[in-house]
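K.L.:
Here you go, one structure.
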Amino acid sequence: MFNIAIDGPAGAGKSSIARAAAAQLGFIYVDTGALYRTVALGALKRGIRPEETDAIVALLPELEVAMEFVDGEQRVLLNGEDVSEAIRQPEVSGAASTVSAIPAVRQFLFDLQQNMAKEHDVLMDGRDIGTVVLPDAQLKIFLTATPEERARRRYEQIKDTSDVTYEEILRDINQRDYQDTHREIAPLKQAEDAVYLDTTDMSFDEVVDAILSLTKERQA
Ligand code: DC
């Protein structure tokens with residue numbers, strides 16, 4: 001199998017870029033952030049706050065997290081219920097970042113991610129894919145952009161449907177960057193053998209093309 005690992009901070013455009021590149025390559029796109037969000041949602045639904053580590057660890061055996069692909073699009077299931085939309089609520093983002101720092105949560109989701117990559121050509125995105133989940137991936141990319149540019153892009157996406165301000169988005173991005181890079185277990189960091197791609201001054205198509213040509217180089 002050919003595995004591509006894409007890691008990077010929140011709002012770098014990983015998911016839309018990875019989705020487009022995977023479609024062109026005929027690979028399955030696996031969004032691992034969705035899995036952490038699903039665990040976070042499972043806790044929130046039961047009134048457990050993301051900081052209540054012991055309660056979350058105790059809850060894990062009751063959570064069944066699964067991925068399904070419908071027309072090439074990943075759906076996530078929590079105990080059989082499709083929660084693909086519910087996990088996108090803003091309160092789930094922060095909660096996912098917090099629960100993802102719990103070692104038992106990372107362990108809980110590990111096999112699910114590795115098994116996907118064993119069975120399929122995947123393009124998988126997350127924070128620790130190149131460093132921990134798929135250390136032998138044939139191509140690793142660290143995709144990033146400045147916090148201001150990431151906040152600007154997100155603001156452009158949601159300004160018509162939400163009252164949230166640019167400043168609030170920037171604050172949220174800075175806070176998640178801090179949490180994701182400073183946690184003890186599997187922090188966000190570039191794998192030594194990853195290609196660093198700063199997309200601040202690149203267009204969407206330029207980034208997708210860069211990934212496609214890197215893939216072709218490695219496949220040759
Ligand atoms: O990519 P995202 O914003 O949907 O991810 C939500 C949170 O999950 C993010 O703040 C960090 C965590 N995460 C992680 O720790 N490891 C991954 N491979 C993917 C996401």
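We name chains A, B, ... following the order of the structure tokens; residues begin at 1 in each chain, and ligands are numbered from 1 as shown.
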Please extract the residues at most 9 Å from ligand 1, counting only C-alpha atoms and all ligand atoms, and provide them as number ranges by chain, using the chain letters and residue numbers of this document.

P.N.:
A: 7-11, 14-15, 31-37, 87-88, 92-101, 106, 124-129, 132-133, 176-177, 179-180, 185-188

K.L.:
One decimal, in Å: what's the spacing between CA of Gly47 (chain A) and CA of Gln107 (chain A)?

P.N.:
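Separation between CA of Gly47 (chain A) and CA of Gln107 (chain A): 22.7 Å.
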
K.L.:
Could you check the closest approach to Ala5 (chain A) for each of A:Glu156, A:Glu81, A:Leu112, A:Val30 and tell me which residue wins, using only C-alpha atoms?

P.N.:
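Counting only C-alpha atoms, the residue closest to Ala5 (chain A) is A:Val30.
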
K.L.:
Name the closest residue to Leu123 (chain A) among the candidates A:Val83, A:Ile141, A:Leu109, A:Leu63; distances are taken between atoms, counting only C-alpha atoms.

P.N.:
A:Ile141

K.L.:
What is the CA of Ala210 (chain A) to CA of Asn115 (chain A) distance in Å?

P.N.:
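Computing the Euclidean distance for CA of Ala210 (chain A) and CA of Asn115 (chain A) yields 27.0 Å.
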
K.L.:
Can you work out which one of A:Asn3, A:Thr181, A:Ser16, A:Gln113 has the shortest atom-to-atom distance to Gln157 (chain A), counting only C-alpha atoms?

P.N.:
A:Ser16

K.L.:
Under the rule that only C-alpha atoms are counted, which of A:Ile169, A:Leu143, A:Val39, A:Val207 is the nearest residue to Lys189 (chain A)?

P.N.:
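Of A:Ile169, A:Leu143, A:Val39, A:Val207, the one nearest Lys189 (chain A), counting only C-alpha atoms, is A:Leu143.
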
K.L.:
Just checking: using only C-alpha atoms, which residue out of A:Val122, A:Ile173, A:Ala137, A:Ala145 ends up closest to Ala21 (chain A)?

P.N.:
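Looking at the shortest contact to Ala21 (chain A), the residue is A:Val122.
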
K.L.:
Determine which residues of region 32-188 of chain A DSSP labels as strand (DSSP E or B) from the backbone of this structure, then write them out as number ranges by chain.

P.N.:
A: 65-70, 73-78, 81-82, 122-126, 139-144

K.L.:
Taking the DSSP secondary structure from the backbone, can you list the residues of region 177-208 of chain A that are helix (DSSP H, G or I), as a ChimeraX atom specification?

P.N.:
/A:177-182,204-208

K.L.:
I want to know what sits within 10 Å of Glu119 (chain A), based on only C-alpha atoms, with residues of the same chain fewer than 5 positions away left out; could you give that as a PyMOL selection string?

P.N.:
chain A and resi 1-2+114

K.L.:
Record the distance separating CA of Arg46 (chain A) and CA of Glu184 (chain A), expressed in Å with one decimal.

P.N.:
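CA of Arg46 (chain A) sits 26.5 Å away from CA of Glu184 (chain A).
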